[in-house]
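final-v1.pdb follows (PDB, C-alpha atoms):
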MODEL        1
ATOM      1  CA  MET A   1      19.822 164.348 116.392
ATOM      2  CA  HIS A   2      20.632 162.117 119.315
ATOM      3  CA  GLY A   3      19.528 159.067 117.321
ATOM      4  CA  ARG A   4      22.029 159.828 114.543
ATOM      5  CA  THR A   5      24.795 160.343 117.101
ATOM      6  CA  GLU A   6      24.013 157.041 118.788
ATOM      7  CA  ARG A   7      23.974 155.205 115.449
ATOM      8  CA  LEU A   8      27.312 156.784 114.491
ATOM      9  CA  THR A   9      28.799 155.825 117.839
ATOM     10  CA  ALA A  10      27.585 152.242 117.490
ATOM     11  CA  LEU A  11      29.059 151.990 114.001
ATOM     12  CA  ILE A  12      32.424 153.347 115.128
ATOM     13  CA  VAL A  13      32.536 150.966 118.072
ATOM     14  CA  LEU A  14      31.674 148.037 115.786
ATOM     15  CA  VAL A  15      34.396 148.901 113.252
ATOM     16  CA  THR A  16      36.941 149.362 116.035
ATOM     17  CA  ALA A  17      36.025 145.996 117.557
ATOM     18  CA  VAL A  18      36.317 144.233 114.197
ATOM     19  CA  LEU A  19      39.741 145.742 113.511
ATOM     20  CA  TRP A  20      40.896 144.816 117.005
ATOM     21  CA  CYS A  21      39.801 141.200 116.545
ATOM     22  CA  LEU A  22      41.498 140.986 113.163
ATOM     23  CA  SER A  23      44.730 142.379 114.583
ATOM     24  CA  SER A  24      44.603 139.849 117.434
ATOM     25  CA  GLN A  25      44.150 137.013 114.957
ATOM     26  CA  PHE A  26      47.081 138.231 112.859
ATOM     27  CA  LEU A  27      49.217 138.435 115.990
ATOM     28  CA  ALA A  28      48.222 134.928 117.001
ATOM     29  CA  VAL A  29      49.139 133.582 113.560
ATOM     30  CA  ALA A  30      52.475 135.416 113.586
ATOM     31  CA  ASP A  31      53.151 134.167 117.097
ATOM     32  CA  SER A  32      52.516 130.522 116.186
ATOM     33  CA  SER A  33      54.398 130.482 112.882
ATOM     34  CA  HIS A  34      57.539 129.164 114.528
ATOM     35  CA  PRO A  35      57.574 126.399 117.158
ATOM     36  CA  VAL A  36      59.324 126.941 120.468
ATOM     37  CA  ILE A  37      60.736 123.402 120.468
ATOM     38  CA  GLU A  38      62.586 121.579 117.720
ATOM     39  CA  THR A  39      61.727 117.925 118.137
ATOM     40  CA  LEU A  40      64.079 115.074 117.329
ATOM     41  CA  PRO A  41      62.540 112.474 114.993
ATOM     42  CA  GLU A  42      62.005 109.069 116.570
ATOM     43  CA  LYS A  43      64.273 107.564 113.928
ATOM     44  CA  GLU A  44      67.151 109.696 115.201
ATOM     45  CA  VAL A  45      66.412 108.778 118.816
ATOM     46  CA  ARG A  46      66.629 105.097 117.907
ATOM     47  CA  ALA A  47      69.928 105.724 116.113
ATOM     48  CA  ALA A  48      71.305 107.382 119.252
ATOM     49  CA  VAL A  49      70.215 104.429 121.417
ATOM     50  CA  THR A  50      71.916 102.069 118.970
ATOM     51  CA  ALA A  51      75.113 104.115 119.300
ATOM     52  CA  ALA A  52      74.901 103.690 123.087
ATOM     53  CA  ARG A  53      75.154  99.921 122.617
ATOM     54  CA  THR A  54      78.410  99.988 120.669
ATOM     55  CA  PRO A  55      81.602  98.617 122.294
ATOM     56  CA  THR A  56      82.979 102.162 122.556
ATOM     57  CA  ALA A  57      79.936 103.319 124.501
ATOM     58  CA  VAL A  58      79.872 100.241 126.748
ATOM     59  CA  ASN A  59      83.566 100.652 127.564
ATOM     60  CA  LEU A  60      82.967 104.303 128.425
ATOM     61  CA  ALA A  61      80.180 103.314 130.799
ATOM     62  CA  ARG A  62      82.271 100.556 132.395
ATOM     63  CA  SER A  63      85.166 102.970 132.889
ATOM     64  CA  ASN A  64      82.865 105.522 134.475
ATOM     65  CA  LEU A  65      81.631 102.900 136.935
ATOM     66  CA  GLY A  66      85.157 101.800 137.720
ATOM     67  CA  ILE A  67      84.730  98.302 136.297
ATOM     68  CA  PRO A  68      88.164  96.889 135.388
ATOM     69  CA  ALA A  69      88.632  96.059 131.719
ATOM     70  CA  GLN A  70      89.472  92.419 132.515
ATOM     71  CA  GLU A  71      86.152  91.803 134.274
ATOM     72  CA  THR A  72      83.409  90.227 132.228
ATOM     73  CA  ALA A  73      80.557  91.843 134.134
ATOM     74  CA  SER A  74      78.002  92.999 131.639
ATOM     75  CA  LEU A  75      75.951  96.160 131.486
ATOM     76  CA  ARG A  76      72.290  96.375 130.618
ATOM     77  CA  VAL A  77      71.740  99.302 128.248
ATOM     78  CA  ALA A  78      68.239 100.740 128.099
ATOM     79  CA  ASP A  79      66.302 100.395 124.870
ATOM     80  CA  ARG A  80      64.948 103.937 125.114
ATOM     81  CA  GLY A  81      66.615 107.312 125.368
ATOM     82  CA  THR A  82      65.707 110.726 126.780
ATOM     83  CA  VAL A  83      66.178 113.703 124.486
ATOM     84  CA  VAL A  84      67.715 116.626 126.352
ATOM     85  CA  HIS A  85      67.089 120.035 124.825
ATOM     86  CA  HIS A  86      69.365 123.041 125.076
ATOM     87  CA  LEU A  87      69.072 126.702 124.184
ATOM     88  CA  ASN A  88      69.320 127.213 120.439
ATOM     89  CA  PRO A  89      72.883 128.521 119.779
ATOM     90  CA  ALA A  90      71.555 130.981 117.197
ATOM     91  CA  PHE A  91      69.125 132.321 119.792
ATOM     92  CA  GLY A  92      71.863 132.563 122.392
ATOM     93  CA  ASP A  93      74.081 134.501 119.990
ATOM     94  CA  GLY A  94      71.491 137.252 119.883
ATOM     95  CA  ASN A  95      69.681 136.382 116.664
ATOM     96  CA  GLY A  96      66.490 135.498 118.477
ATOM     97  CA  HIS A  97      65.512 132.875 115.926
ATOM     98  CA  LEU A  98      63.147 130.140 116.937
ATOM     99  CA  PRO A  99      62.957 127.358 117.801
ATOM    100  CA  LEU A 100      64.097 128.401 121.233
ATOM    101  CA  ALA A 101      65.123 124.888 122.284
ATOM    102  CA  VAL A 102      66.936 122.335 120.121
ATOM    103  CA  PRO A 103      68.034 118.747 120.860
ATOM    104  CA  GLY A 104      71.393 118.696 122.626
ATOM    105  CA  TYR A 105      71.978 115.012 123.276
ATOM    106  CA  VAL A 106      70.187 111.746 123.933
ATOM    107  CA  ALA A 107      70.629 110.289 127.419
ATOM    108  CA  VAL A 108      70.705 106.485 127.604
ATOM    109  CA  THR A 109      70.926 104.673 130.944
ATOM    110  CA  ALA A 110      73.149 101.650 131.473
ATOM    111  CA  THR A 111      72.876  99.514 134.617
ATOM    112  CA  SER A 112      75.533  97.254 136.098
ATOM    113  CA  VAL A 113      74.860  93.847 137.620
ATOM    114  CA  ASP A 114      75.030  95.336 141.114
ATOM    115  CA  GLY A 115      72.406  97.981 140.291
ATOM    116  CA  ARG A 116      74.624 101.005 139.740
ATOM    117  CA  LYS A 117      73.550 103.299 136.941
ATOM    118  CA  VAL A 118      75.417 105.441 134.470
ATOM    119  CA  THR A 119      73.995 107.774 131.857
ATOM    120  CA  LEU A 120      75.602 107.828 128.439
ATOM    121  CA  GLN A 121      75.288 111.137 126.645
ATOM    122  CA  VAL A 122      75.052 110.470 122.918
ATOM    123  CA  ALA A 123      75.310 113.335 120.445
ATOM    124  CA  ARG A 124      75.847 113.889 116.747
ATOM    125  CA  VAL A 125      79.573 114.235 116.121
ATOM    126  CA  ALA A 126      81.396 115.061 112.914
ATOM    127  CA  PRO A 127      83.935 112.296 112.113
ATOM    128  CA  ALA A 128      87.583 113.300 112.184
ATOM    129  CA  ASP A 129      88.039 111.934 108.670
ATOM    130  CA  GLY A 130      85.140 113.987 107.342
ATOM    131  CA  GLY A 131      81.669 112.973 106.319
ATOM    132  CA  PRO A 132      78.250 113.691 107.785
ATOM    133  CA  PRO A 133      77.796 113.832 111.578
ATOM    134  CA  ARG A 134      76.873 110.570 113.270
ATOM    135  CA  TRP A 135      75.680 109.555 116.705
ATOM    136  CA  ALA A 136      78.437 108.754 119.195
ATOM    137  CA  PRO A 137      78.881 108.716 122.993
ATOM    138  CA  VAL A 138      80.506 111.940 124.183
ATOM    139  CA  ALA A 139      80.267 111.698 127.983
ATOM    140  CA  ALA A 140      79.000 109.603 130.892
ATOM    141  CA  ALA A 141      77.716 110.405 134.376
ATOM    142  CA  GLN A 142      77.201 108.110 137.369
ATOM    143  CA  ASP A 143      73.475 108.595 137.795
ATOM    144  CA  ASP A 144      70.245 108.396 135.834
ATOM    145  CA  THR A 145      69.142 112.004 136.321
ATOM    146  CA  GLU A 146      67.751 112.458 132.823
ATOM    147  CA  ALA A 147      65.710 109.258 132.852
ATOM    148  CA  ASP A 148      64.439 110.025 136.337
ATOM    149  CA  LEU A 149      63.334 113.550 135.378
ATOM    150  CA  ALA A 150      61.767 112.329 132.141
ATOM    151  CA  ARG A 151      59.276 110.310 134.180
ATOM    152  CA  THR A 152      57.798 113.576 135.515
ATOM    153  CA  LEU A 153      57.147 115.092 132.071
ATOM    154  CA  GLU A 154      53.681 115.641 130.672
ATOM    155  CA  THR A 155      52.792 114.466 127.175
ATOM    156  CA  ASP A 156      53.585 117.780 125.463
ATOM    157  CA  GLU A 157      56.710 118.560 127.496
ATOM    158  CA  VAL A 158      60.392 117.940 126.798
ATOM    159  CA  LEU A 159      63.370 117.895 129.137
ATOM    160  CA  TYR A 160      65.286 121.177 128.956
ATOM    161  CA  GLU A 161      68.703 121.740 130.523
ATOM    162  CA  ASN A 162      69.880 125.255 131.287
ATOM    163  CA  GLN A 163      73.241 126.361 132.618
ATOM    164  CA  GLY A 164      72.209 128.878 135.252
ATOM    165  CA  PRO A 165      74.010 130.770 138.012
ATOM    166  CA  ARG A 166      73.685 127.720 140.284
ATOM    167  CA  GLY A 167      74.857 125.210 137.722
ATOM    168  CA  ARG A 168      72.704 122.756 135.808
ATOM    169  CA  GLU A 169      69.019 123.623 135.958
ATOM    170  CA  TRP A 170      66.351 121.267 134.670
ATOM    171  CA  TYR A 171      62.965 122.278 133.300
ATOM    172  CA  ALA A 172      59.937 120.700 131.706
ATOM    173  CA  LEU A 173      59.430 122.812 128.586
ATOM    174  CA  ASP A 174      56.399 123.189 126.364
ATOM    175  CA  ASP A 175      55.224 125.866 123.931
ATOM    176  CA  ARG A 176      53.990 128.125 126.725
ATOM    177  CA  SER A 177      56.254 127.834 129.734
ATOM    178  CA  LEU A 178      59.123 126.207 131.585
ATOM    179  CA  ARG A 179      58.245 124.196 134.667
ATOM    180  CA  PRO A 180      61.191 123.912 137.076
ATOM    181  CA  LEU A 181      62.250 120.392 138.010
ATOM    182  CA  THR A 182      65.561 120.798 139.807
ATOM    183  CA  ALA A 183      68.301 123.401 139.998
ATOM    184  CA  GLY A 184      72.052 123.138 140.411
ATOM    185  CA  HIS A 185      71.790 121.752 143.950
ATOM    186  CA  GLY A 186      68.872 119.436 143.324
ATOM    187  CA  GLU A 187      66.251 121.861 144.645
ATOM    188  CA  PRO A 188      63.620 123.792 142.678
ATOM    189  CA  GLU A 189      64.911 127.137 141.439
ATOM    190  CA  VAL A 190      61.436 128.668 141.619
ATOM    191  CA  SER A 191      58.108 127.445 142.903
ATOM    192  CA  GLY A 192      56.052 127.921 139.755
ATOM    193  CA  ALA A 193      56.217 127.797 135.994
ATOM    194  CA  VAL A 194      58.035 130.516 134.056
ATOM    195  CA  SER A 195      56.418 131.845 130.903
ATOM    196  CA  ILE A 196      58.402 131.777 127.671
ATOM    197  CA  THR A 197      58.104 135.568 127.557
ATOM    198  CA  SER A 198      59.656 135.951 131.013
ATOM    199  CA  TYR A 199      62.381 133.448 130.198
ATOM    200  CA  THR A 200      63.395 135.180 126.964
ATOM    201  CA  LYS A 201      63.366 138.517 128.792
ATOM    202  CA  ALA A 202      65.765 137.069 131.365
ATOM    203  CA  LEU A 203      67.979 135.818 128.545
ATOM    204  CA  ARG A 204      68.090 139.291 127.037
ATOM    205  CA  GLU A 205      69.001 140.856 130.367
ATOM    206  CA  ARG A 206      71.680 138.242 131.010
ATOM    207  CA  ALA A 207      73.141 138.730 127.525
ATOM    208  CA  ALA A 208      73.139 142.502 127.982
ATOM    209  CA  THR A 209      75.021 142.134 131.273
ATOM    210  CA  ALA A 210      77.535 139.764 129.684
ATOM    211  CA  GLY A 211      78.178 142.090 126.762
ATOM    212  CA  PRO A 212      76.840 140.521 123.536
ATOM    213  CA  SER A 213      73.692 141.868 121.967
ATOM    214  CA  ALA A 214      70.536 140.332 123.389
ATOM    215  CA  PRO A 215      68.055 138.365 121.305
ATOM    216  CA  PRO A 216      65.253 140.698 120.149
ATOM    217  CA  VAL A 217      62.358 138.547 121.328
ATOM    218  CA  ALA A 218      59.115 139.881 122.708
ATOM    219  CA  VAL A 219      56.580 137.047 122.891
ATOM    220  CA  ALA A 220      57.607 133.384 122.992
ATOM    221  CA  GLY A 221      60.884 134.319 121.356
ATOM    222  CA  ARG A 222      59.373 135.298 118.009
ATOM    223  CA  GLY A 223      62.577 136.784 116.600
ATOM    224  CA  HIS A 224      61.733 136.695 112.895
ATOM    225  CA  GLU A 225      60.627 139.898 111.258
ATOM    226  CA  GLN A 226      56.931 140.187 111.934
ATOM    227  CA  ASP A 227      54.092 141.148 109.633
ATOM    228  CA  GLY A 228      53.284 144.845 109.817
ATOM    229  CA  ARG A 229      49.549 144.318 109.321
ATOM    230  CA  PRO A 230      48.695 143.782 113.020
ATOM    231  CA  ARG A 231      50.375 147.041 114.019
ATOM    232  CA  PHE A 232      48.662 148.853 111.149
ATOM    233  CA  LEU A 233      45.238 147.535 112.150
ATOM    234  CA  LEU A 234      45.832 148.419 115.777
ATOM    235  CA  GLY A 235      46.827 151.900 114.693
ATOM    236  CA  VAL A 236      43.690 152.284 112.600
ATOM    237  CA  ALA A 237      41.557 151.088 115.495
ATOM    238  CA  ALA A 238      43.207 153.597 117.810
ATOM    239  CA  VAL A 239      42.666 156.455 115.337
ATOM    240  CA  ILE A 240      38.994 155.531 114.882
ATOM    241  CA  ALA A 241      38.478 155.329 118.622
ATOM    242  CA  ALA A 242      40.098 158.731 119.149
ATOM    243  CA  GLY A 243      38.066 160.205 116.309
ATOM    244  CA  SER A 244      34.817 158.870 117.721
ATOM    245  CA  PHE A 245      35.444 160.542 121.046
ATOM    246  CA  ALA A 246      36.283 163.795 119.314
ATOM    247  CA  ILE A 247      33.080 163.667 117.232
ATOM    248  CA  LEU A 248      30.953 162.899 120.257
ATOM    249  CA  ARG A 249      32.453 165.759 122.235
ATOM    250  CA  TYR A 250      31.931 168.107 119.308
ATOM    251  CA  ARG A 251      28.316 167.108 118.774
ATOM    252  CA  ARG A 252      27.477 167.269 122.462
ATOM    253  CA  GLY A 253      29.001 170.706 122.785
ATOM    254  CA  ARG A 254      27.344 172.048 119.595
ATOM    255  CA  PRO A 255      23.998 173.908 120.079
ATOM    256  CA  ASP A 256      20.967 172.317 118.445
ATOM    257  CA  ARG A 257      19.846 174.607 115.539
ATOM    258  CA  HIS A 258      16.356 173.185 115.484
ATOM    259  CA  ARG A 259      15.552 174.136 119.038
ATOM    260  CA  GLY A 260      13.708 177.070 119.917
TER     261      GLY A 260
ENDMDL
END
Can you present the structure in this file as C-alpha cells?
Amino acid sequence: MHGRTERLTALIVLVTAVLWCLSSQFLAVADSSHPVIETLPEKEVRAAVTAARTPTAVNLARSNLGIPAQETASLRVADRGTVVHHLNPAFGDGNGHLPLAVPGYVAVTATSVDGRKVTLQVARVAPADGGPPRWAPVAAAQDDTEADLARTLETDEVLYENQGPRGREWYALDDRSLRPLTAGHGEPEVSGAVSITSYTKALRERAATAGPSAPPVAVAGRGHEQDGRPRFLLGVAAVIAAGSFAILRYRRGRPDRHRG
C-alpha cells in the first residue's frame, strides 16, 4: 500500500513540476515579446548629425556661445551623435505600452576654437508647411553632458533622461534595469541600479498621486494583454498540489484493511 502511495506522490510531483516549468517558459516568452527600448536606426542618427551641420544649427550654436554674428570663428561639429531616450508618451499617459523608452533627440557636440563646447539637440520636427517630420536643431546647451555621459555606457545600454523631482536625471538603461549616472544636481540619485519593475512601479505611484490613471505594468512594463495560458497552468499546478496533499492525508489516516 505504501508503495502505491509513494508512486502516486512521485507522479503528482512530476506533473506539477512540468506544469510549473511550462508556465515559467510561457511567462518568459510573454515578458520578452516587447522590447524595453526602441532603438533609433543608424541611418536616422546620421541624418540628425547632418542636420547639426546646417547653417541654422551652426548659428544656433554660435549664438549660444555668445559668438557675434560678424566674427568668422568656426565651430567644429562632431561627426557622431548621442541618442537620448525619454519615457514613451503612450506609457506615460497610462497605457503601459512598451517600449518603455523611445528616442527623444540626438545630441551633437560643437566645439569653438577656444575649446568651449555646446550641445545641439536635434529632433524630428514637422515642417510648418506640412510634409513628413525631418531632423532639425531645437535647442542648445553650453556643455557636452550627453557626450560625456555616453562614454560611461556599456555596449547594451542607452542614455535615458528622466525629469525627476530634482530636475534632469540621467540613467544608463538596458532591458533589465536603470543605472543612475547623475541627478538634477550632478550627483547620483541612488547608489545602485533600479530594476525596470521598480521603476515602472514608481511611475504608477507618481501618476496616481498626480491624478491620471497609472500604467498597468507589472514586470518590465509589459502592458499588452497577456496570454492566459501561464495563469491557467499555474492554477492547474496549484490544484494538483493541493489534491496530492489531500490524498496523502486521506490515505495516511485510513486504516489498512489487509492488516490483522
Picked residues, the PyMOL selection byres ((chain A and resi 177-181) around 6), as a ChimeraX atom specification: /A:170-174,176,182,188,193-196
Here's the selection I'm unsure about, the PyMOL selection byres ((chain A and resi 39) around 10); applied to the file above, which residues does it give, as a PDB file with C-alpha atoms, in the frame of the given file?
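Printed below is expr-v5.pdb as written:
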ATOM      1  CA  PRO A  35      57.574 126.399 117.158  1.00  0.00           C
ATOM      2  CA  VAL A  36      59.324 126.941 120.468  1.00  0.00           C
ATOM      3  CA  ILE A  37      60.736 123.402 120.468  1.00  0.00           C
ATOM      4  CA  GLU A  38      62.586 121.579 117.720  1.00  0.00           C
ATOM      5  CA  LEU A  40      64.079 115.074 117.329  1.00  0.00           C
ATOM      6  CA  PRO A  41      62.540 112.474 114.993  1.00  0.00           C
ATOM      7  CA  GLU A  42      62.005 109.069 116.570  1.00  0.00           C
ATOM      8  CA  VAL A  83      66.178 113.703 124.486  1.00  0.00           C
ATOM      9  CA  HIS A  85      67.089 120.035 124.825  1.00  0.00           C
ATOM     10  CA  PRO A  99      62.957 127.358 117.801  1.00  0.00           C
ATOM     11  CA  ALA A 101      65.123 124.888 122.284  1.00  0.00           C
ATOM     12  CA  VAL A 102      66.936 122.335 120.121  1.00  0.00           C
ATOM     13  CA  PRO A 103      68.034 118.747 120.860  1.00  0.00           C
ATOM     14  CA  VAL A 158      60.392 117.940 126.798  1.00  0.00           C
TER      15      VAL A 158
END
Set out as a Markdown table a contact list for segment 59-85 of chain A and segment 106-117 of chain A with a cut-off of 7 Å, giving each residue of segment 59-85 of chain A that qualifies its closest atom pair and distance in Å to one decimal, counting all atoms listed in the file, ordered by chain and rising residue number.
| residue | atom | partner | partner_atom | distance |
| --- | --- | --- | --- | --- |
| A:Ala73 | CA | A:Val113 | CA | 7.0 |
| A:Ser74 | CA | A:Ser112 | CA | 6.6 |
| A:Leu75 | CA | A:Ser112 | CA | 4.8 |
| A:Arg76 | CA | A:Thr111 | CA | 5.1 |
| A:Val77 | CA | A:Ala110 | CA | 4.2 |
| A:Ala78 | CA | A:Thr109 | CA | 5.5 |
| A:Arg80 | CA | A:Val108 | CA | 6.8 |
| A:Gly81 | CA | A:Val108 | CA | 4.7 |
| A:Thr82 | CA | A:Ala107 | CA | 5.0 |
| A:Val83 | CA | A:Val106 | CA | 4.5 |
| A:Val84 | CA | A:Val106 | CA | 6.0 |
Would you output that residue set with C-alpha atoms, as an mmCIF file, keeping the file's coordinate frame?
data_model
loop_
_atom_site.group_PDB
_atom_site.id
_atom_site.type_symbol
_atom_site.label_atom_id
_atom_site.label_comp_id
_atom_site.auth_asym_id
_atom_site.auth_seq_id
_atom_site.Cartn_x
_atom_site.Cartn_y
_atom_site.Cartn_z
ATOM 1 C CA ALA A 73 80.557 91.843 134.134
ATOM 2 C CA SER A 74 78.002 92.999 131.639
ATOM 3 C CA LEU A 75 75.951 96.160 131.486
ATOM 4 C CA ARG A 76 72.290 96.375 130.618
ATOM 5 C CA VAL A 77 71.740 99.302 128.248
ATOM 6 C CA ALA A 78 68.239 100.740 128.099
ATOM 7 C CA ARG A 80 64.948 103.937 125.114
ATOM 8 C CA GLY A 81 66.615 107.312 125.368
ATOM 9 C CA THR A 82 65.707 110.726 126.780
ATOM 10 C CA VAL A 83 66.178 113.703 124.486
ATOM 11 C CA VAL A 84 67.715 116.626 126.352
#
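Of the residues under consideration (A:Ala140, A:Arg151, A:Ala202, A:Trp135), A:Ala140 shows the shortest atom-to-atom contact distance to Asn59 of chain A when counting all atoms listed in the file.
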Using Å and a single decimal, report how far atom CA of Ala136 of chain A sits from atom CA of Ala48 of chain A.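 Separation between atom CA of Ala48 of chain A and atom CA of Ala136 of chain A: 7.3 Å.
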Nearest residue to Asp156 of chain A from the set A:Asp129, A:Asp175, A:Glu205, A:Glu44 (distances using only C-alpha atoms):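 Of all the options, A:Asp175 lies closest to Asp156 of chain A.
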Specify as a list of chain:residue names each residue included when the PyMOL selection byres ((chain A and resi 65) around 8) is applied to this file. A:Ala61, A:Arg62, A:Ser63, A:Asn64, A:Gly66, A:Ile67, A:Arg116, A:Val118, A:Gln142
Would you mind exporting C-alpha atoms of the selected residues as an mmCIF file, in the coordinates of the input?
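Contents of the output file part01.cif:
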data_model
loop_
_atom_site.group_PDB
_atom_site.id
_atom_site.type_symbol
_atom_site.label_atom_id
_atom_site.label_comp_id
_atom_site.auth_asym_id
_atom_site.auth_seq_id
_atom_site.Cartn_x
_atom_site.Cartn_y
_atom_site.Cartn_z
ATOM 1 C CA ALA A 61 80.180 103.314 130.799
ATOM 2 C CA ARG A 62 82.271 100.556 132.395
ATOM 3 C CA SER A 63 85.166 102.970 132.889
ATOM 4 C CA ASN A 64 82.865 105.522 134.475
ATOM 5 C CA GLY A 66 85.157 101.800 137.720
ATOM 6 C CA ILE A 67 84.730 98.302 136.297
ATOM 7 C CA ARG A 116 74.624 101.005 139.740
ATOM 8 C CA VAL A 118 75.417 105.441 134.470
ATOM 9 C CA GLN A 142 77.201 108.110 137.369
#
So the first atom is atom CA of Leu153 of chain A and the second is atom CA of Val58 of chain A; what is the distance between them in Å, to one decimal place?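 So the answer is 27.7 Å.
Distance-wise, atom CA of His86 of chain A and atom CA of Pro55 of chain A end up 27.5 Å apart.
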Closest to Asn88 of chain A among A:Ala141, A:Val125, A:Ala57, A:Leu203, using all atoms listed in the file? A:Leu203
Any chance you could build segment 143-157 of chain A out to N, CA and C atoms and write it as a compact mmCIF listing (two decimals), keeping the file's coordinate frame?
# COMPACT_ATOMS: atom_id res chain seq x y z
N ASP A 143 74.83 108.48 137.28
CA ASP A 143 73.47 108.60 137.79
C ASP A 143 72.52 108.40 136.63
N ASP A 144 71.24 108.47 136.90
CA ASP A 144 70.24 108.40 135.83
C ASP A 144 69.31 109.60 135.93
N THR A 145 69.91 110.77 136.13
CA THR A 145 69.14 112.00 136.32
C THR A 145 68.16 112.24 135.19
N GLU A 146 68.63 112.15 133.96
CA GLU A 146 67.75 112.46 132.82
C GLU A 146 66.55 111.52 132.75
N ALA A 147 66.81 110.22 132.90
CA ALA A 147 65.71 109.26 132.85
C ALA A 147 64.75 109.47 134.01
N ASP A 148 65.27 109.80 135.17
CA ASP A 148 64.44 110.02 136.34
C ASP A 148 63.55 111.25 136.14
N LEU A 149 64.11 112.34 135.61
CA LEU A 149 63.33 113.55 135.38
C LEU A 149 62.31 113.35 134.26
N ALA A 150 62.67 112.55 133.28
CA ALA A 150 61.77 112.33 132.14
C ALA A 150 60.46 111.69 132.59
N ARG A 151 60.49 110.96 133.69
CA ARG A 151 59.28 110.31 134.18
C ARG A 151 58.26 111.32 134.71
N THR A 152 58.70 112.55 134.98
CA THR A 152 57.80 113.58 135.51
C THR A 152 57.22 114.46 134.42
N LEU A 153 57.59 114.23 133.16
CA LEU A 153 57.15 115.09 132.07
C LEU A 153 55.72 114.77 131.65
N GLU A 154 55.00 115.82 131.26
CA GLU A 154 53.68 115.64 130.67
C GLU A 154 53.85 115.28 129.20
N THR A 155 52.74 114.95 128.55
CA THR A 155 52.79 114.47 127.18
C THR A 155 53.41 115.47 126.22
N ASP A 156 53.11 116.76 126.39
CA ASP A 156 53.58 117.78 125.46
C ASP A 156 54.85 118.48 125.94
N GLU A 157 55.50 117.93 126.95
CA GLU A 157 56.71 118.56 127.50
C GLU A 157 57.97 117.80 127.08
